[in-house]
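Student: You'll find my_file-v5.cif just under this line, and it carries mmCIF, C-alpha atoms.
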data_data
#
loop_
_atom_site.label_atom_id
_atom_site.label_comp_id
_atom_site.auth_asym_id
_atom_site.auth_seq_id
_atom_site.Cartn_x
_atom_site.Cartn_y
_atom_site.Cartn_z
CA MET A 1 15.26 18.71 2.79
CA ALA A 2 15.90 16.72 -0.39
CA PHE A 3 14.74 13.17 -1.00
CA ARG A 4 17.38 10.62 -0.03
CA LEU A 5 17.69 6.90 0.57
CA ALA A 6 18.19 5.38 3.99
CA PRO A 7 21.75 4.07 4.44
CA THR A 8 20.41 0.50 4.63
CA ALA A 9 18.71 0.89 1.24
CA ALA A 10 21.77 2.43 -0.38
CA SER A 11 24.02 -0.32 0.98
CA GLU A 12 21.73 -2.93 -0.59
CA GLY A 13 22.07 -1.38 -4.04
CA PHE A 14 18.85 0.60 -4.25
CA ARG A 15 18.99 3.80 -6.31
CA LEU A 16 16.95 6.99 -6.21
CA GLU A 17 15.47 9.23 -8.90
CA ALA A 18 13.75 12.27 -7.38
CA HIS A 19 11.48 14.81 -9.09
CA ASP A 20 9.62 17.95 -8.08
CA THR A 21 6.71 16.85 -10.26
CA VAL A 22 5.94 13.97 -12.63
CA GLY A 23 3.03 12.62 -14.61
CA SER A 24 3.05 9.22 -12.89
CA THR A 25 5.88 7.62 -10.93
CA ASN A 26 4.58 4.17 -11.90
CA ALA A 27 4.53 5.02 -15.60
CA LEU A 28 8.01 6.52 -15.41
CA ALA A 29 9.40 3.49 -13.58
CA LEU A 30 7.96 1.07 -16.14
CA ALA A 31 9.34 3.20 -18.98
CA HIS A 32 12.77 2.90 -17.38
CA ALA A 33 12.34 -0.88 -17.21
CA ARG A 34 11.45 -1.09 -20.90
CA ALA A 35 14.55 0.98 -21.66
CA GLY A 36 16.75 -1.53 -19.84
CA ASP A 37 16.88 -0.36 -16.21
CA PRO A 38 17.86 -3.32 -13.99
CA GLY A 39 15.48 -2.39 -11.17
CA LYS A 40 15.92 -1.61 -7.46
CA LEU A 41 15.12 1.98 -8.45
CA TRP A 42 12.96 4.31 -6.36
CA VAL A 43 11.19 7.03 -8.38
CA VAL A 44 9.76 9.69 -6.07
CA SER A 45 8.02 13.04 -6.33
CA LYS A 46 6.09 15.51 -4.15
CA LYS A 47 3.59 16.14 -6.95
CA GLN A 48 1.99 13.89 -9.56
CA ASP A 49 -0.23 15.10 -12.39
CA SER A 50 -1.67 11.86 -13.77
CA GLY A 51 -1.46 9.28 -11.02
CA ARG A 52 -3.76 6.27 -11.02
CA GLY A 53 -5.31 4.05 -8.43
CA ARG A 54 -6.88 0.62 -8.75
CA ARG A 55 -9.23 -0.03 -11.67
CA GLY A 56 -8.00 3.11 -13.45
CA ARG A 57 -9.28 5.53 -10.82
CA VAL A 58 -7.57 8.89 -10.47
CA TRP A 59 -5.09 9.24 -7.59
CA ALA A 60 -4.43 12.91 -6.89
CA THR A 61 -0.99 13.92 -5.60
CA PRO A 62 -0.92 17.68 -4.98
CA GLU A 63 2.27 19.52 -4.00
CA GLY A 64 3.66 18.20 -0.71
CA ASN A 65 2.17 14.71 -0.81
CA LEU A 66 4.31 11.66 -1.54
CA ALA A 67 4.29 9.65 -4.75
CA ALA A 68 6.88 6.87 -4.63
CA THR A 69 7.39 3.88 -6.91
CA LEU A 70 9.87 1.07 -6.48
CA LEU A 71 10.85 -0.62 -9.75
CA ILE A 72 11.62 -4.32 -9.42
CA VAL A 73 12.85 -6.40 -12.38
CA THR A 74 12.70 -10.13 -11.85
CA GLY A 75 12.43 -13.49 -13.54
CA GLY A 76 10.50 -15.02 -10.65
CA GLU A 77 6.85 -15.95 -10.42
CA LEU A 78 4.32 -13.23 -11.18
CA ARG A 79 2.00 -14.81 -8.57
CA LEU A 80 4.55 -14.12 -5.86
CA ALA A 81 5.33 -10.65 -7.19
CA ALA A 82 1.66 -9.78 -6.66
CA THR A 83 2.17 -10.18 -2.90
CA LEU A 84 4.62 -7.28 -2.90
CA GLY A 85 1.63 -5.04 -2.25
CA PHE A 86 1.44 -6.53 1.24
CA VAL A 87 5.16 -5.92 1.73
CA ALA A 88 4.56 -2.30 0.68
CA GLY A 89 1.68 -1.87 3.11
CA LEU A 90 3.74 -3.16 6.01
CA ALA A 91 6.74 -1.03 5.02
CA LEU A 92 4.63 2.11 4.86
CA ALA A 93 2.91 1.39 8.17
CA ASP A 94 6.31 0.82 9.80
CA ALA A 95 7.61 4.07 8.27
CA LEU A 96 4.60 6.00 9.55
CA ASP A 97 5.13 4.60 13.04
CA ALA A 98 8.75 5.77 12.84
CA VAL A 99 8.06 9.37 11.81
CA VAL A 100 4.82 10.16 13.67
CA PRO A 101 5.56 10.51 17.40
CA GLN A 102 3.65 8.27 19.80
CA GLY A 103 0.98 10.18 21.65
CA ARG A 104 0.82 12.98 19.08
CA ILE A 105 -2.26 11.60 17.36
CA SER A 106 -4.76 8.89 18.37
CA ILE A 107 -5.58 6.73 15.40
CA GLY A 108 -7.77 3.70 14.92
CA LEU A 109 -10.63 2.31 12.88
CA ASP A 110 -13.75 4.49 13.12
CA GLY A 111 -11.79 7.17 15.00
CA ALA A 112 -11.04 5.14 18.13
CA SER A 113 -7.68 3.91 19.29
CA GLN A 114 -7.38 0.22 18.36
CA GLY A 115 -4.71 -1.31 20.59
CA LYS A 116 -1.16 -0.76 19.45
CA ASN A 117 -1.90 -0.05 15.78
CA ARG A 118 -2.31 3.60 14.92
CA PHE A 119 -2.08 2.82 11.21
CA GLU A 120 -4.09 -0.09 9.89
CA LEU A 121 -3.98 -2.05 6.62
CA LYS A 122 -7.13 -2.46 4.55
CA TRP A 123 -7.15 -5.29 2.05
CA PRO A 124 -5.78 -5.23 -0.52
CA ASN A 125 -3.96 -1.94 -0.83
CA ASP A 126 -4.86 0.89 1.56
CA VAL A 127 -3.41 2.32 4.76
CA LEU A 128 -6.04 3.75 7.12
CA ALA A 129 -5.94 6.24 9.96
CA SER A 130 -9.07 6.92 12.00
CA GLY A 131 -10.93 4.68 9.56
CA ALA A 132 -10.06 7.02 6.67
CA LYS A 133 -7.78 6.37 3.70
CA LEU A 134 -4.35 7.87 4.26
CA ALA A 135 -2.44 6.04 1.52
CA GLY A 136 -2.95 3.76 -1.45
CA ILE A 137 -0.75 1.16 -3.10
CA LEU A 138 -0.88 0.12 -6.76
CA LEU A 139 1.15 -2.63 -8.42
CA GLU A 140 1.57 -2.53 -12.19
CA SER A 141 3.67 -4.87 -14.32
CA ALA A 142 5.21 -5.13 -17.78
CA ILE A 143 6.63 -8.12 -19.66
CA LEU A 144 10.25 -7.66 -20.69
CA ASP A 145 12.58 -9.58 -22.99
CA GLY A 146 14.29 -12.75 -21.82
CA GLY A 147 11.43 -14.07 -19.72
CA ARG A 148 11.69 -11.26 -17.20
CA PHE A 149 9.03 -8.82 -16.07
CA ALA A 150 8.98 -5.49 -14.30
CA VAL A 151 6.85 -4.64 -11.28
CA ALA A 152 6.16 -1.03 -10.32
CA VAL A 153 5.18 -0.86 -6.64
CA GLY A 154 3.43 2.50 -6.41
CA ILE A 155 2.81 4.11 -3.02
CA GLY A 156 0.84 7.34 -2.67
CA VAL A 157 0.50 9.07 0.71
CA ASN A 158 -1.68 12.03 1.68
CA VAL A 159 0.96 13.96 3.59
CA VAL A 160 -0.39 17.52 3.48
CA ALA A 161 -3.71 17.22 1.63
CA TYR A 162 -6.40 14.72 0.69
CA PRO A 163 -9.25 14.73 -1.87
CA GLU A 164 -12.65 15.62 -0.44
CA ASP A 165 -14.88 14.49 -3.33
CA LEU A 166 -14.53 10.76 -2.74
CA PRO A 167 -17.23 8.13 -1.98
CA TYR A 168 -15.25 7.07 1.12
CA PRO A 169 -13.51 8.93 4.00
CA ALA A 170 -9.94 10.15 3.44
CA THR A 171 -7.43 12.03 5.54
CA SER A 172 -3.87 13.36 5.56
CA LEU A 173 -1.03 13.41 8.04
CA ARG A 174 -1.40 17.17 8.38
CA THR A 175 -5.11 16.83 9.15
CA LEU A 176 -4.24 14.32 11.86
CA GLY A 177 -1.82 16.78 13.45
CA ALA A 178 1.44 15.25 12.27
CA THR A 179 4.22 17.53 11.00
CA CYS A 180 6.13 14.97 8.93
CA ASP A 181 7.02 16.00 5.35
CA ALA A 182 7.25 13.81 2.23
CA GLU A 183 11.05 13.66 2.30
CA THR A 184 11.21 12.46 5.90
CA LEU A 185 8.53 9.86 5.28
CA PHE A 186 10.29 8.53 2.19
CA LEU A 187 13.58 8.21 4.07
CA ALA A 188 11.84 5.99 6.63
CA LEU A 189 9.95 4.13 3.89
CA SER A 190 13.11 3.20 2.00
CA ASP A 191 14.52 1.75 5.22
CA ALA A 192 11.33 -0.10 6.17
CA TRP A 193 11.00 -1.54 2.66
CA SER A 194 14.43 -3.14 2.91
CA GLU A 195 13.56 -4.75 6.25
CA ASN A 196 10.20 -6.14 5.08
CA ALA A 197 11.58 -7.27 1.71
CA ARG A 198 14.26 -9.27 3.52
CA LEU A 199 11.48 -10.93 5.52
CA TRP A 200 9.49 -11.63 2.32
CA SER A 201 12.66 -13.15 0.77
CA GLU A 202 11.40 -13.63 -2.81
CA GLY A 203 8.22 -15.17 -1.43
CA ARG A 204 9.89 -17.68 0.87
CA GLY A 205 8.86 -15.59 3.87
CA LEU A 206 5.30 -14.90 2.69
CA SER A 207 3.85 -16.69 5.72
CA ALA A 208 5.64 -14.24 8.04
CA ILE A 209 4.47 -11.28 5.95
CA ARG A 210 0.91 -12.61 6.15
CA GLN A 211 1.08 -12.85 9.95
CA ARG A 212 2.51 -9.34 10.26
CA TRP A 213 -0.18 -8.02 7.91
CA LEU A 214 -3.00 -9.68 9.86
CA ALA A 215 -1.70 -8.07 13.07
CA ARG A 216 -2.39 -4.69 11.45
CA ALA A 217 -5.54 -5.66 9.52
CA ALA A 218 -8.44 -3.22 9.59
CA GLY A 219 -11.84 -4.74 10.25
CA LEU A 220 -10.69 -8.25 11.12
CA GLY A 221 -13.66 -10.11 12.63
CA SER A 222 -16.13 -7.39 11.63
CA GLN A 223 -18.96 -7.20 9.13
CA VAL A 224 -17.81 -6.50 5.60
CA ALA A 225 -19.25 -6.07 2.12
CA VAL A 226 -17.15 -6.82 -0.95
CA ARG A 227 -18.15 -5.63 -4.40
CA ILE A 228 -16.99 -8.06 -7.09
CA ASP A 229 -17.79 -7.21 -10.72
CA GLY A 230 -21.08 -5.58 -9.82
CA ASN A 231 -22.12 -8.17 -7.22
CA VAL A 232 -21.92 -7.67 -3.44
CA VAL A 233 -20.89 -10.42 -1.01
CA ARG A 234 -21.58 -9.75 2.67
CA GLY A 235 -20.24 -11.51 5.72
CA THR A 236 -17.52 -11.49 8.37
CA PHE A 237 -13.86 -10.82 7.56
CA GLU A 238 -12.12 -13.94 8.89
CA THR A 239 -8.53 -13.83 7.55
CA ILE A 240 -6.36 -13.67 4.47
CA ASP A 241 -5.19 -17.04 3.14
CA GLU A 242 -1.70 -18.27 2.29
CA ASP A 243 -1.83 -16.41 -1.04
CA CYS A 244 -3.07 -13.22 0.68
CA ARG A 245 -6.59 -13.56 -0.74
CA PHE A 246 -9.48 -12.09 1.28
CA VAL A 247 -11.50 -14.69 3.21
CA ILE A 248 -14.96 -14.02 4.58
CA ARG A 249 -17.75 -16.18 6.00
CA ASP A 250 -20.88 -15.02 4.23
CA ASP A 251 -24.28 -14.53 5.84
CA GLU A 252 -25.20 -18.16 5.07
CA GLY A 253 -22.09 -19.52 6.79
CA THR A 254 -20.15 -20.34 3.63
CA VAL A 255 -16.44 -19.48 3.47
CA VAL A 256 -15.74 -17.31 0.42
CA THR A 257 -12.23 -16.59 -0.87
CA ILE A 258 -11.83 -13.39 -2.90
CA ALA A 259 -8.88 -12.55 -5.13
CA ALA A 260 -9.99 -9.03 -6.11
CA GLY A 261 -12.75 -6.66 -5.03
CA ASP A 262 -13.67 -3.43 -3.26
CA VAL A 263 -13.99 -3.87 0.51
CA HIS A 264 -16.30 -1.84 2.75
CA PHE A 265 -16.51 -1.99 6.56
CA GLY A 266 -18.86 -0.67 9.21
CA ALA A 267 -21.93 1.33 8.28
CA VAL A 268 -21.03 1.20 4.60
CA ALA A 269 -21.01 -2.59 4.74
CA SER A 270 -24.56 -2.56 6.10
CA ALA A 271 -25.86 -0.33 3.31
CA ALA A 272 -26.02 -0.98 -0.40
CA VAL A 273 -22.58 -0.45 -1.95
#
Represent the structure contained in this file as structure tokens.

Tutor:
Amino acid sequence: MAFRLAPTAASEGFRLEAHDTVGSTNALALAHARAGDPGKLWVVSKKQDSGRGRRGRVWATPEGNLAATLLIVTGGELRLAATLGFVAGLALADALDAVVPQGRISIGLDGASQGKNRFELKWPNDVLASGAKLAGILLESAILDGGRFAVAVGIGVNVVAYPEDLPYPATSLRTLGATCDAETLFLALSDAWSENARLWSEGRGLSAIRQRWLARAAGLGSQVAVRIDGNVVRGTFETIDEDCRFVIRDDEGTVVTIAAGDVHFGAVASAAV
């Protein structure tokens, strides 16, 4: 099966550029933007040789996994564009629900079924299954001429394989018993993106996105440790605020709002991180 857009995405003017292998879908999308591409372009591949995660970390995409980047070119507020990562997380979780049959796999934080959510969202940019990282999301931007900027919304999913030399648990759809391939998942993702982007509505619907995200949030109400520039803040994960920043109540009862950091739940939160 070849990569293809969902009819809803195609009807809304989205375009598709598919590859067997690339260096980085994010880098390629931003290069297109600098060369004049108007955006609404999906760049996808089943293999990526030089993918990146947050803070410059390597994101491996071996053959059969999904690397997908949506290029958006806008003149809007960069602050609002940063919340597209939450739109991406919801779109991917919706797509996973659509392509992984109910009852086939039991998924939840720490390996237990957690209510209706088989796929959970970990602030700010991960999708979890059984408490393990299944997918990561990375937003990168570039300033363009005329007061515009480009945003590359990168989404990497462990479809058939996952790295085993990580400091945190990871998994893949295949490991979980699902038979979905990268092409089928992308088809559902392109449809789910359109639905969630309409809800986001250039930031006007951010409150609704926030509520949907919280309904899927991993670790809400649990103990958490957040590493921020070498320091660790510990407490209880209470919510995300109106700007989608992470809010915890620390061990002294003070509410702390965090714009960026590495989040750890469960046993890892109790240990030094």

Student: In Å to one decimal, how far is CA of Gly64 in chain A from CA of Val99 in chain A?

Tutor: 15.9 Å

Student: Work out how far apart CA of Leu80 in chain A and CA of Ile155 in chain A are and give it in Å to one decimal.

Tutor: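 These atoms are spaced 18.5 Å apart.
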
Student: Translate the PyMOL selection byres ((chain A and resi 162-172) around 10), as applied to the file shown, into an explicit residue set as a list in words.

Tutor: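 Residues picked by the PyMOL selection byres ((chain A and resi 162-172) around 10): Trp59, Ala60, Thr61, Pro62, Asn65, Leu128, Ala129, Ser130, Gly131, Ala132, Lys133, Leu134, Ala135, Val157, Asn158, Val159, Val160, Ala161, Leu173, Arg174, Thr175, Leu176, Gly177, Ala178, His264 and Val268 of chain A.
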
Student: Keeping only C-alpha atoms, take the residues you just selected and write them out as a short mmCIF file (atom, residue, chain, number, x, y, z; two decimals), in the frame of the given file.

Tutor:
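Generated output (again.cif):
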data_model
loop_
_atom_site.label_atom_id
_atom_site.label_comp_id
_atom_site.auth_asym_id
_atom_site.auth_seq_id
_atom_site.Cartn_x
_atom_site.Cartn_y
_atom_site.Cartn_z
CA TRP A 59 -5.09 9.24 -7.59
CA ALA A 60 -4.43 12.91 -6.89
CA THR A 61 -0.99 13.92 -5.60
CA PRO A 62 -0.92 17.68 -4.98
CA ASN A 65 2.17 14.71 -0.81
CA LEU A 128 -6.04 3.75 7.12
CA ALA A 129 -5.94 6.24 9.96
CA SER A 130 -9.07 6.92 12.00
CA GLY A 131 -10.93 4.68 9.56
CA ALA A 132 -10.06 7.02 6.67
CA LYS A 133 -7.78 6.37 3.70
CA LEU A 134 -4.35 7.87 4.26
CA ALA A 135 -2.44 6.04 1.52
CA VAL A 157 0.50 9.07 0.71
CA ASN A 158 -1.68 12.03 1.68
CA VAL A 159 0.96 13.96 3.59
CA VAL A 160 -0.39 17.52 3.48
CA ALA A 161 -3.71 17.22 1.63
CA LEU A 173 -1.03 13.41 8.04
CA ARG A 174 -1.40 17.17 8.38
CA THR A 175 -5.11 16.83 9.15
CA LEU A 176 -4.24 14.32 11.86
CA GLY A 177 -1.82 16.78 13.45
CA ALA A 178 1.44 15.25 12.27
CA HIS A 264 -16.30 -1.84 2.75
CA VAL A 268 -21.03 1.20 4.60
#

Student: Set the distance at 7 Å and use only C-alpha atoms: which residues neighbour range 250-254 of chain A once local chain neighbours fewer than 2 positions away are removed? I'd like the list as a ChimeraX atom specification.

Tutor: /A:233-236,248,256

Student: Going by the chain IDs and residue numbers used in this file, which residues fall under the PyMOL selection byres ((chain A and resi 94) around 12)? Write them as a tab-separated table (two decimals) with C-alpha atoms, in the frame of the given file.

Tutor:
chain	number	residue	atom	x	y	z
A	87	VAL	CA	5.16	-5.92	1.73
A	88	ALA	CA	4.56	-2.30	0.68
A	89	GLY	CA	1.68	-1.87	3.11
A	90	LEU	CA	3.74	-3.16	6.01
A	91	ALA	CA	6.74	-1.03	5.02
A	92	LEU	CA	4.63	2.11	4.86
A	93	ALA	CA	2.91	1.39	8.17
A	95	ALA	CA	7.61	4.07	8.27
A	96	LEU	CA	4.60	6.00	9.55
A	97	ASP	CA	5.13	4.60	13.04
A	98	ALA	CA	8.75	5.77	12.84
A	99	VAL	CA	8.06	9.37	11.81
A	100	VAL	CA	4.82	10.16	13.67
A	117	ASN	CA	-1.90	-0.05	15.78
A	118	ARG	CA	-2.31	3.60	14.92
A	119	PHE	CA	-2.08	2.82	11.21
A	120	GLU	CA	-4.09	-0.09	9.89
A	121	LEU	CA	-3.98	-2.05	6.62
A	127	VAL	CA	-3.41	2.32	4.76
A	185	LEU	CA	8.53	9.86	5.28
A	186	PHE	CA	10.29	8.53	2.19
A	187	LEU	CA	13.58	8.21	4.07
A	188	ALA	CA	11.84	5.99	6.63
A	189	LEU	CA	9.95	4.13	3.89
A	190	SER	CA	13.11	3.20	2.00
A	191	ASP	CA	14.52	1.75	5.22
A	192	ALA	CA	11.33	-0.10	6.17
A	193	TRP	CA	11.00	-1.54	2.66
A	194	SER	CA	14.43	-3.14	2.91
A	195	GLU	CA	13.56	-4.75	6.25
A	196	ASN	CA	10.20	-6.14	5.08
A	212	ARG	CA	2.51	-9.34	10.26
A	213	TRP	CA	-0.18	-8.02	7.91
A	216	ARG	CA	-2.39	-4.69	11.45

Student: For a quick check of your reading of the model, name the residues lying within 10 Å of the coordinate (4.2, -12.6, 4.9), counting all atoms listed in the file, and write them as a list in words.

Tutor: Thr83, Leu84, Phe86, Val87, Leu90, Asn196, Ala197, Leu199, Trp200, Ser201, Gly203, Arg204, Gly205, Leu206, Ser207, Ala208, Ile209, Arg210, Gln211, Arg212, Trp213, Leu214, Glu242, Asp243 and Cys244 of chain A
